[in-house]
Amino acid sequence: MTRILLLGGTTEANLMAQAIAAAGLSGVYSYAGRTEAPMGQPIHMRVGGFGGISKLQDYLAAEAITHVIDATHPFAARMSRNAVAACAAAGVPLIALERAPWQASEGDRWTHLADLGAAVAALAGPPRRVFLAIGRQHVDAFAAQPQHHYLLRLVDAPTGPLPLPQADVVVARGPFTVAADTALMQDHGIEIVVAKNAGGKGAVAKIAAARALGLPVLMIDRPIIPMRAAARSVAAVMAWLGHPTTLRGE
Ligand code: 3Y8
Ligand code: NAP
């Protein structure tokens with residue numbers, strides 16, 4: 001009896017959940033609990049951390065999980081590393097549903113940065129108007145460059161004072177559109193964009209908008225994830241599960 005743990009929190013995970021439900025398979029969609037009101041899913045949901053590798057391993061046994069699909073965001077590195085370790089220890093098959101990194105194209109003015117710290121350091125210099133579109137978890141790091149005027153986009157409204165002396169906040173949950181992101185960046189006189197190389201469609205609008213506006217982008221490259229089986233489509237994961245589908249548009 002197939003019983004799937006789907007580590008979610010992304011657009012791709014939502015599509016994966018729909019395919020699991022459509023195939024009548026038993027599955028659990030797992031959120032970390034980072035946002036106040038995560039989207040509902042067509043399969044059973046659980047919200048919150050597992051409590052580390054060993055607790056994840058206990059969960060796999062307790063819930064009789066037969067397959068794990070890691071469809072988390074490419075920057076959710078700790079979750080992915082924990083899944084590799086727990087599945088190896090528990091002997092439960094694991095596959096990652098990954099999305100290709102964005103590649104710079106004609107007209108892009110990207111500077112690649114190895115990690116968040118390098119992006120902060122790259123902002124040294126005279127004050128500018130910065131679109132900080134990397135979410136809430138790492139905003140504190142940018143307090144090291146207080147001279148800029150920041151535009152922050154967050155999923156939920158901030159609960160306390162921001163660590164940045166000059167910041168405007170937009171509360172919005174993606175996926176976003178190029179037209180809206182272009183207008184947002186023009187309205188705020190944005191001069192430079194800080195982004196994670198998330199890949200996928202949900203966050204790419206700001207990258208296309210920056211290209212259209214001729215703005216530079218500080219592109220933070222992805223963290224290294226240990227080797228694991230990986231697929232680039234929902235159909236490939238369904239085949240891996242032994243349930244090939246004829247999902248349109250895959
Ligand atoms: C809780 C689930 C869908 C899935 C939507 C995708 C697309 C829109 C773009 C910008 C960039 C950012 C951020 C972003 C995007 C999708 C997808 C994606 C980027 C939700 C969600 C959860 C989260 C967590 C949240 C992080 C934050 C990152 C905002 C739901 C909406 C910046 C990543 O406030 C916080 O603590 C937010 C934390 C992790 C990164 C960070 O470090 O702050 N995502 N995002 C998941 C959980 O609890 O397990 O609430 O419904 C999911 C999505 N966010 O179609 O519904 O698939 O990537 N999410 C980044 O890419 O840089 C926004 O603003 O341009
Ligand atoms: P992370 O740093 O890799 O994970 C930190 C801890 O959060 C994990 O060790 C685990 O806690 C818990 N966790 C993370 N994802 C989980 C999930 N799907 N289900 C249950 N527990 C989870 O993760 P993150 O970068 O904060 O991302 C958290 C969530 O937001 C993920 O679902 C991810 O897909 C989504 N997301 C993240 C980003 C991003 O930019 N990071 C962007 C879009 C969506 P325990 O150790 O206690 O098990």
# chains A, B, ... in the order shown; residues from 1 in each chain; ligands from 1
>>> residues_near_ligand(ligand="ligand 1", cutoff="7 Å", atoms="only C-alpha atoms and all ligand atoms", output="ChimeraX atom specification")
/A:8-12,14,30-39,47,73,133-138,153-156,173-175,195-196,198,200-203,206
>>> write_last_selection(atoms="N, CA and C atoms", output="CSV table (one decimal), in the first residue's frame")
chain,number,residue,atom,x,y,z
A,8,GLY,N,6.4,19.9,1.2
A,8,GLY,CA,5.9,20.8,0.2
A,8,GLY,C,6.3,22.3,0.4
A,9,GLY,N,5.4,23.2,0.2
A,9,GLY,CA,5.7,24.6,0.3
A,9,GLY,C,6.1,25.3,-0.9
A,10,THR,N,5.8,24.7,-2.1
A,10,THR,CA,6.1,25.3,-3.4
A,10,THR,C,5.0,25.0,-4.4
A,11,THR,N,5.1,25.8,-5.5
A,11,THR,CA,4.1,25.6,-6.6
A,11,THR,C,4.1,24.1,-7.1
A,12,GLU,N,5.4,23.6,-7.2
A,12,GLU,CA,5.5,22.3,-7.8
A,12,GLU,C,4.9,21.3,-6.8
A,14,ASN,N,2.4,21.7,-4.9
A,14,ASN,CA,1.0,21.8,-5.0
A,14,ASN,C,0.5,21.0,-6.2
A,30,SER,N,3.3,18.1,3.7
A,30,SER,CA,3.9,18.6,4.9
A,30,SER,C,4.4,20.1,4.7
A,31,TYR,N,3.9,21.0,5.5
A,31,TYR,CA,4.4,22.4,5.6
A,31,TYR,C,5.3,22.6,6.8
A,32,ALA,N,6.2,23.5,6.7
A,32,ALA,CA,7.0,23.8,7.9
A,32,ALA,C,6.3,24.7,8.9
A,33,GLY,N,5.2,25.4,8.4
A,33,GLY,CA,4.5,26.3,9.3
A,33,GLY,C,5.1,27.7,9.3
A,34,ARG,N,5.7,28.0,8.2
A,34,ARG,CA,6.4,29.4,8.1
A,34,ARG,C,5.4,30.5,7.9
A,35,THR,N,4.2,30.2,7.4
A,35,THR,CA,3.2,31.3,7.1
A,35,THR,C,2.0,31.1,8.0
A,36,GLU,N,1.2,32.2,8.1
A,36,GLU,CA,0.1,32.1,9.0
A,36,GLU,C,-1.0,31.2,8.4
A,37,ALA,N,-1.2,31.3,7.1
A,37,ALA,CA,-2.3,30.5,6.5
A,37,ALA,C,-1.9,29.9,5.3
A,38,PRO,N,-1.2,28.8,5.4
A,38,PRO,CA,-0.7,28.1,4.2
A,38,PRO,C,-1.9,27.6,3.3
A,39,MET,N,-1.7,27.5,2.0
A,39,MET,CA,-2.8,27.0,1.1
A,39,MET,C,-3.3,25.7,1.5
A,47,VAL,N,1.5,20.4,9.6
A,47,VAL,CA,2.2,21.6,9.6
A,47,VAL,C,3.2,21.7,10.8
A,73,HIS,N,11.5,24.0,-1.6
A,73,HIS,CA,12.2,25.1,-2.3
A,73,HIS,C,13.7,24.8,-2.3
A,133,ALA,N,13.7,40.9,-2.3
A,133,ALA,CA,12.6,39.9,-2.5
A,133,ALA,C,13.0,38.5,-2.1
A,134,ILE,N,13.5,38.4,-0.8
A,134,ILE,CA,13.9,37.1,-0.4
A,134,ILE,C,13.2,36.6,0.8
A,135,GLY,N,12.1,37.3,1.1
A,135,GLY,CA,11.2,36.9,2.3
A,135,GLY,C,11.7,37.4,3.6
A,136,ARG,N,11.1,36.9,4.6
A,136,ARG,CA,11.3,37.5,6.0
A,136,ARG,C,12.4,36.9,6.8
A,137,GLN,N,12.8,35.6,6.5
A,137,GLN,CA,13.7,34.9,7.4
A,137,GLN,C,15.1,35.5,7.5
A,138,HIS,N,15.5,36.2,6.4
A,138,HIS,CA,16.9,36.6,6.4
A,138,HIS,C,17.0,38.1,6.3
A,153,ARG,N,9.2,42.4,0.3
A,153,ARG,CA,7.9,41.7,0.0
A,153,ARG,C,7.9,40.5,0.9
A,154,LEU,N,6.8,40.5,1.7
A,154,LEU,CA,6.7,39.4,2.7
A,154,LEU,C,5.3,38.7,2.5
A,155,VAL,N,5.3,37.4,2.9
A,155,VAL,CA,4.0,36.6,2.8
A,155,VAL,C,3.1,37.1,3.9
A,156,ASP,N,3.6,37.4,5.1
A,156,ASP,CA,2.7,37.8,6.2
A,156,ASP,C,3.2,39.2,6.7
A,173,ARG,N,1.6,37.2,-1.5
A,173,ARG,CA,2.0,35.8,-1.6
A,173,ARG,C,2.0,35.5,-3.1
A,174,GLY,N,3.0,35.0,-3.6
A,174,GLY,CA,3.1,34.8,-5.1
A,174,GLY,C,2.1,33.7,-5.5
A,175,PRO,N,2.2,33.2,-6.7
A,175,PRO,CA,3.0,33.6,-7.8
A,175,PRO,C,2.7,35.0,-8.2
A,195,ALA,N,17.7,38.7,-5.2
A,195,ALA,CA,16.9,37.5,-5.4
A,195,ALA,C,17.6,36.2,-5.1
A,196,LYS,N,16.9,35.2,-4.7
A,196,LYS,CA,17.4,33.8,-4.6
A,196,LYS,C,17.2,33.1,-6.0
A,198,ALA,N,15.6,30.8,-7.2
A,198,ALA,CA,14.6,29.8,-6.8
A,198,ALA,C,14.3,28.9,-8.0
A,200,GLY,N,11.8,28.0,-11.3
A,200,GLY,CA,10.3,27.9,-11.3
A,200,GLY,C,9.7,29.2,-11.8
A,201,LYS,N,8.4,29.2,-11.8
A,201,LYS,CA,7.6,30.3,-12.4
A,201,LYS,C,7.1,31.3,-11.3
A,202,GLY,N,7.0,30.8,-10.0
A,202,GLY,CA,6.3,31.6,-9.0
A,202,GLY,C,7.1,32.9,-8.6
A,203,ALA,N,8.4,32.9,-8.8
A,203,ALA,CA,9.1,34.1,-8.4
A,203,ALA,C,9.9,34.8,-9.5
A,206,LYS,N,9.9,39.1,-11.0
A,206,LYS,CA,10.8,40.2,-10.7
A,206,LYS,C,12.1,40.2,-11.5
>>> select_by_dssp(residues="stretch 12-238 of chain A", states="strand (DSSP E or B)", output="ChimeraX atom specification")
/A:26-31,44-47,67-70,94-97,109-113,129-132,149-154,167-171,192-196,216-220,229-231
>>> closest_residue(among="A:Ala167, A:Leu162, A:Ala172, A:Ala104", to="A:Ala210", atoms="only C-alpha atoms")
A:Ala104
>>> closest_residue(among="A:Ile220, A:Ala90, A:Ala180, A:Ile192", to="ligand 2", atoms="only C-alpha atoms and all ligand atoms")
A:Ile220
>>> residues_around(residues="A:Leu215", least_positions_apart="3", cutoff="9 Å", atoms="only C-alpha atoms", output="JSON list (two decimals) with N, CA and C atoms, in the first residue's frame")
[["chain", "number", "residue", "atom", "x", "y", "z"],
["A", 108, "ASP", "N", 20.09, 40.56, -19.28],
["A", 108, "ASP", "CA", 20.16, 40.42, -17.82],
["A", 108, "ASP", "C", 21.45, 41.03, -17.29],
["A", 109, "ARG", "N", 21.37, 41.72, -16.17],
["A", 109, "ARG", "CA", 22.58, 42.30, -15.54],
["A", 109, "ARG", "C", 22.76, 41.64, -14.17],
["A", 110, "TRP", "N", 23.09, 40.34, -14.15],
["A", 110, "TRP", "CA", 23.18, 39.59, -12.89],
["A", 110, "TRP", "C", 24.60, 39.63, -12.32],
["A", 190, "ILE", "N", 12.93, 51.48, -7.79],
["A", 190, "ILE", "CA", 13.93, 50.46, -7.47],
["A", 190, "ILE", "C", 15.13, 50.58, -8.40],
["A", 191, "GLU", "N", 16.35, 50.48, -7.78],
["A", 191, "GLU", "CA", 17.58, 50.59, -8.56],
["A", 191, "GLU", "C", 18.34, 49.27, -8.65],
["A", 192, "ILE", "N", 18.02, 48.32, -7.73],
["A", 192, "ILE", "CA", 18.71, 47.03, -7.75],
["A", 192, "ILE", "C", 17.82, 46.00, -7.04],
["A", 193, "VAL", "N", 17.88, 44.74, -7.51],
["A", 193, "VAL", "CA", 17.03, 43.67, -6.98],
["A", 193, "VAL", "C", 17.92, 42.60, -6.35],
["A", 209, "ALA", "N", 11.08, 41.51, -14.82],
["A", 209, "ALA", "CA", 10.82, 42.96, -14.67],
["A", 209, "ALA", "C", 12.15, 43.71, -14.60],
["A", 210, "ALA", "N", 13.12, 43.15, -13.88],
["A", 210, "ALA", "CA", 14.43, 43.81, -13.78],
["A", 210, "ALA", "C", 15.08, 43.91, -15.17],
["A", 211, "ARG", "N", 14.93, 42.84, -15.96],
["A", 211, "ARG", "CA", 15.49, 42.84, -17.33],
["A", 211, "ARG", "C", 14.81, 43.95, -18.15],
["A", 212, "ALA", "N", 13.48, 44.01, -18.03],
["A", 212, "ALA", "CA", 12.72, 45.01, -18.82],
["A", 212, "ALA", "C", 13.13, 46.43, -18.42]]
>>> select_by_dssp(residues="stretch 89-184 of chain A", states="helix (DSSP H, G or I)", output="list in words")
Ala89, Ala90, Leu116, Gly117, Ala118, Ala119, Val120, Ala121, Ala122, Val139, Asp140, Ala141, Phe142, Ala143, Ala144, Val178, Ala179, Ala180, Asp181, Thr182, Ala183 and Leu184 of chain A
>>> closest_residue(among="A:Arg232, A:His149, A:Arg3, A:His243", to="A:Glu98", atoms="only C-alpha atoms")
A:Arg232
>>> residues_around(residues="A:Leu25", least_positions_apart="5", cutoff="10 Å", atoms="only C-alpha atoms", output="PyMOL selection string")
chain A and resi 1-4+17+19-20+43+241+243
>>> atom_distance(atom1="atom CA of A:Ile53", atom2="atom 11 (O, counted along the ligand's line) of ligand 2")
8.6 Å
>>> residues_around(residues="stretch 222-230 of chain A", least_positions_apart="4", cutoff="12 Å", atoms="only C-alpha atoms", output="PyMOL selection string")
chain A and resi 68-85+87-88+93-102+112-116+195-199+234+236-237+240
>>> write_last_selection(atoms="N, CA and C atoms", output="compact mmCIF listing (two decimals), in the first residue's frame")
# COMPACT_ATOMS: atom_id res chain seq x y z
N VAL A 68 8.98 9.04 -0.06
CA VAL A 68 9.07 10.47 0.28
C VAL A 68 9.39 11.25 -0.99
N ILE A 69 8.61 12.32 -1.21
CA ILE A 69 8.88 13.24 -2.32
C ILE A 69 9.28 14.57 -1.71
N ASP A 70 10.50 15.02 -2.00
CA ASP A 70 10.98 16.30 -1.49
C ASP A 70 10.74 17.36 -2.58
N ALA A 71 9.62 18.08 -2.40
CA ALA A 71 9.29 19.13 -3.39
C ALA A 71 9.47 20.50 -2.74
N THR A 72 10.37 20.56 -1.75
CA THR A 72 10.61 21.84 -1.07
C THR A 72 11.40 22.77 -1.98
N HIS A 73 11.47 24.01 -1.57
CA HIS A 73 12.17 25.07 -2.30
C HIS A 73 13.67 24.77 -2.30
N PRO A 74 14.39 25.13 -3.37
CA PRO A 74 15.83 24.83 -3.43
C PRO A 74 16.64 25.45 -2.30
N PHE A 75 16.07 26.45 -1.63
CA PHE A 75 16.79 27.05 -0.50
C PHE A 75 16.40 26.42 0.84
N ALA A 76 15.50 25.45 0.79
CA ALA A 76 15.12 24.74 2.03
C ALA A 76 16.13 23.62 2.24
N ALA A 77 17.40 24.01 2.40
CA ALA A 77 18.50 23.04 2.35
C ALA A 77 18.50 22.10 3.55
N ARG A 78 18.13 22.63 4.72
CA ARG A 78 18.19 21.77 5.91
C ARG A 78 17.12 20.67 5.82
N MET A 79 15.93 21.04 5.34
CA MET A 79 14.88 20.04 5.20
C MET A 79 15.34 18.96 4.23
N SER A 80 15.92 19.37 3.12
CA SER A 80 16.35 18.40 2.11
C SER A 80 17.47 17.51 2.65
N ARG A 81 18.40 18.10 3.37
CA ARG A 81 19.48 17.28 3.95
C ARG A 81 18.92 16.30 4.97
N ASN A 82 17.99 16.76 5.79
CA ASN A 82 17.39 15.86 6.79
C ASN A 82 16.64 14.71 6.10
N ALA A 83 15.96 15.02 5.00
CA ALA A 83 15.20 13.98 4.30
C ALA A 83 16.15 12.92 3.74
N VAL A 84 17.28 13.35 3.17
CA VAL A 84 18.25 12.38 2.64
C VAL A 84 18.73 11.46 3.75
N ALA A 85 19.06 12.04 4.90
CA ALA A 85 19.60 11.23 6.01
C ALA A 85 18.53 10.30 6.59
N CYS A 87 15.69 9.19 5.26
CA CYS A 87 15.22 8.15 4.32
C CYS A 87 16.27 7.07 4.16
N ALA A 88 17.55 7.47 4.13
CA ALA A 88 18.62 6.46 4.02
C ALA A 88 18.60 5.55 5.25
N PRO A 93 12.40 4.94 0.10
CA PRO A 93 12.81 5.61 -1.14
C PRO A 93 12.45 7.10 -1.12
N LEU A 94 13.38 7.91 -1.65
CA LEU A 94 13.23 9.38 -1.68
C LEU A 94 13.50 9.87 -3.09
N ILE A 95 12.65 10.80 -3.54
CA ILE A 95 12.95 11.48 -4.81
C ILE A 95 12.70 12.98 -4.60
N ALA A 96 13.50 13.80 -5.25
CA ALA A 96 13.29 15.26 -5.19
C ALA A 96 12.59 15.69 -6.47
N LEU A 97 11.58 16.56 -6.31
CA LEU A 97 10.95 17.18 -7.48
C LEU A 97 11.58 18.57 -7.56
N GLU A 98 12.50 18.71 -8.50
CA GLU A 98 13.33 19.92 -8.57
C GLU A 98 12.92 20.81 -9.74
N ARG A 99 13.29 22.08 -9.66
CA ARG A 99 13.10 22.97 -10.81
C ARG A 99 14.46 23.54 -11.19
N ALA A 100 14.64 23.71 -12.50
CA ALA A 100 15.94 24.18 -12.99
C ALA A 100 16.22 25.60 -12.47
N PRO A 101 17.49 25.89 -12.16
CA PRO A 101 17.82 27.27 -11.79
C PRO A 101 17.54 28.21 -12.97
N TRP A 102 17.26 29.46 -12.68
CA TRP A 102 17.14 30.44 -13.76
C TRP A 102 18.52 30.67 -14.38
N HIS A 112 26.33 37.04 -9.69
CA HIS A 112 26.08 35.82 -8.91
C HIS A 112 26.78 35.93 -7.57
N LEU A 113 26.05 35.58 -6.51
CA LEU A 113 26.64 35.58 -5.17
C LEU A 113 26.52 34.17 -4.60
N ALA A 114 27.51 33.73 -3.87
CA ALA A 114 27.52 32.33 -3.39
C ALA A 114 26.46 32.11 -2.32
N ASP A 115 26.19 33.15 -1.53
CA ASP A 115 25.20 32.97 -0.45
C ASP A 115 24.71 34.34 0.01
N LEU A 116 23.87 34.30 1.02
CA LEU A 116 23.23 35.53 1.50
C LEU A 116 24.26 36.54 2.00
N ALA A 195 17.75 38.68 -5.16
CA ALA A 195 16.87 37.52 -5.37
C ALA A 195 17.63 36.23 -5.10
N LYS A 196 16.89 35.20 -4.74
CA LYS A 196 17.45 33.85 -4.64
C LYS A 196 17.18 33.15 -5.96
N ASN A 197 18.10 32.32 -6.38
CA ASN A 197 17.87 31.59 -7.63
C ASN A 197 16.92 30.43 -7.37
N ALA A 198 15.65 30.80 -7.20
CA ALA A 198 14.61 29.83 -6.83
C ALA A 198 14.26 28.93 -8.01
N GLY A 199 14.38 29.48 -9.23
CA GLY A 199 13.89 28.71 -10.38
C GLY A 199 12.37 28.69 -10.33
N VAL A 234 6.17 16.41 -12.55
CA VAL A 234 5.22 15.61 -11.75
C VAL A 234 5.05 14.24 -12.39
N ALA A 236 7.17 12.51 -14.09
CA ALA A 236 8.33 11.64 -13.81
C ALA A 236 8.23 11.09 -12.38
N VAL A 237 7.73 11.88 -11.45
CA VAL A 237 7.60 11.38 -10.07
C VAL A 237 6.50 10.33 -10.01
N TRP A 240 7.90 7.20 -11.17
CA TRP A 240 8.77 6.67 -10.11
C TRP A 240 7.94 5.96 -9.03
>>> closest_residue(among="A:Ala179, A:Asp221, A:Ser233, A:Thr159", to="ligand 2", atoms="only C-alpha atoms and all ligand atoms")
A:Asp221
>>> closest_residue(among="A:Val139, A:Leu123, A:Ala157, A:Leu218", to="ligand 2", atoms="only C-alpha atoms and all ligand atoms")
A:Val139
>>> atom_distance(atom1="atom 44 (C, counted along the ligand's line) of ligand 2", atom2="atom CA of A:Ala61")
26.0 Å
>>> atom_distance(atom1="atom CA of A:Gln57", atom2="atom 20 (C, counted along the ligand's line) of ligand 2")
12.6 Å
>>> residues_around(residues="A:His148", least_positions_apart="3", cutoff="7 Å", atoms="only C-alpha atoms", output="JSON, numbers by chain")
{"A": [127, 128, 129, 130, 145, 166]}
>>> write_last_selection(atoms="N, CA and C atoms", output="compact mmCIF listing (two decimals), in the first residue's frame")
# COMPACT_ATOMS: atom_id res chain seq x y z
N PRO A 127 23.95 54.97 -0.75
CA PRO A 127 22.55 54.56 -0.61
C PRO A 127 21.88 54.33 -1.97
N ARG A 128 21.10 53.27 -2.01
CA ARG A 128 20.31 52.98 -3.21
C ARG A 128 18.93 52.49 -2.79
N ARG A 129 18.03 52.34 -3.76
CA ARG A 129 16.68 51.83 -3.49
C ARG A 129 16.68 50.36 -3.92
N VAL A 130 16.58 49.47 -2.92
CA VAL A 130 16.82 48.04 -3.10
C VAL A 130 15.53 47.25 -2.95
N GLN A 145 23.75 46.86 6.17
CA GLN A 145 23.79 47.89 5.12
C GLN A 145 22.58 48.81 5.28
N GLN A 166 15.19 52.21 6.95
CA GLN A 166 14.36 52.74 5.85
C GLN A 166 13.81 51.56 5.06
>>> residues_around(residues="A:Pro42", least_positions_apart="4", cutoff="12 Å", atoms="only C-alpha atoms", output="ChimeraX atom specification")
/A:13-29
>>> closest_residue(among="A:His67, A:Lys55, A:His44, A:His188", to="ligand 2", atoms="only C-alpha atoms and all ligand atoms")
A:Lys55
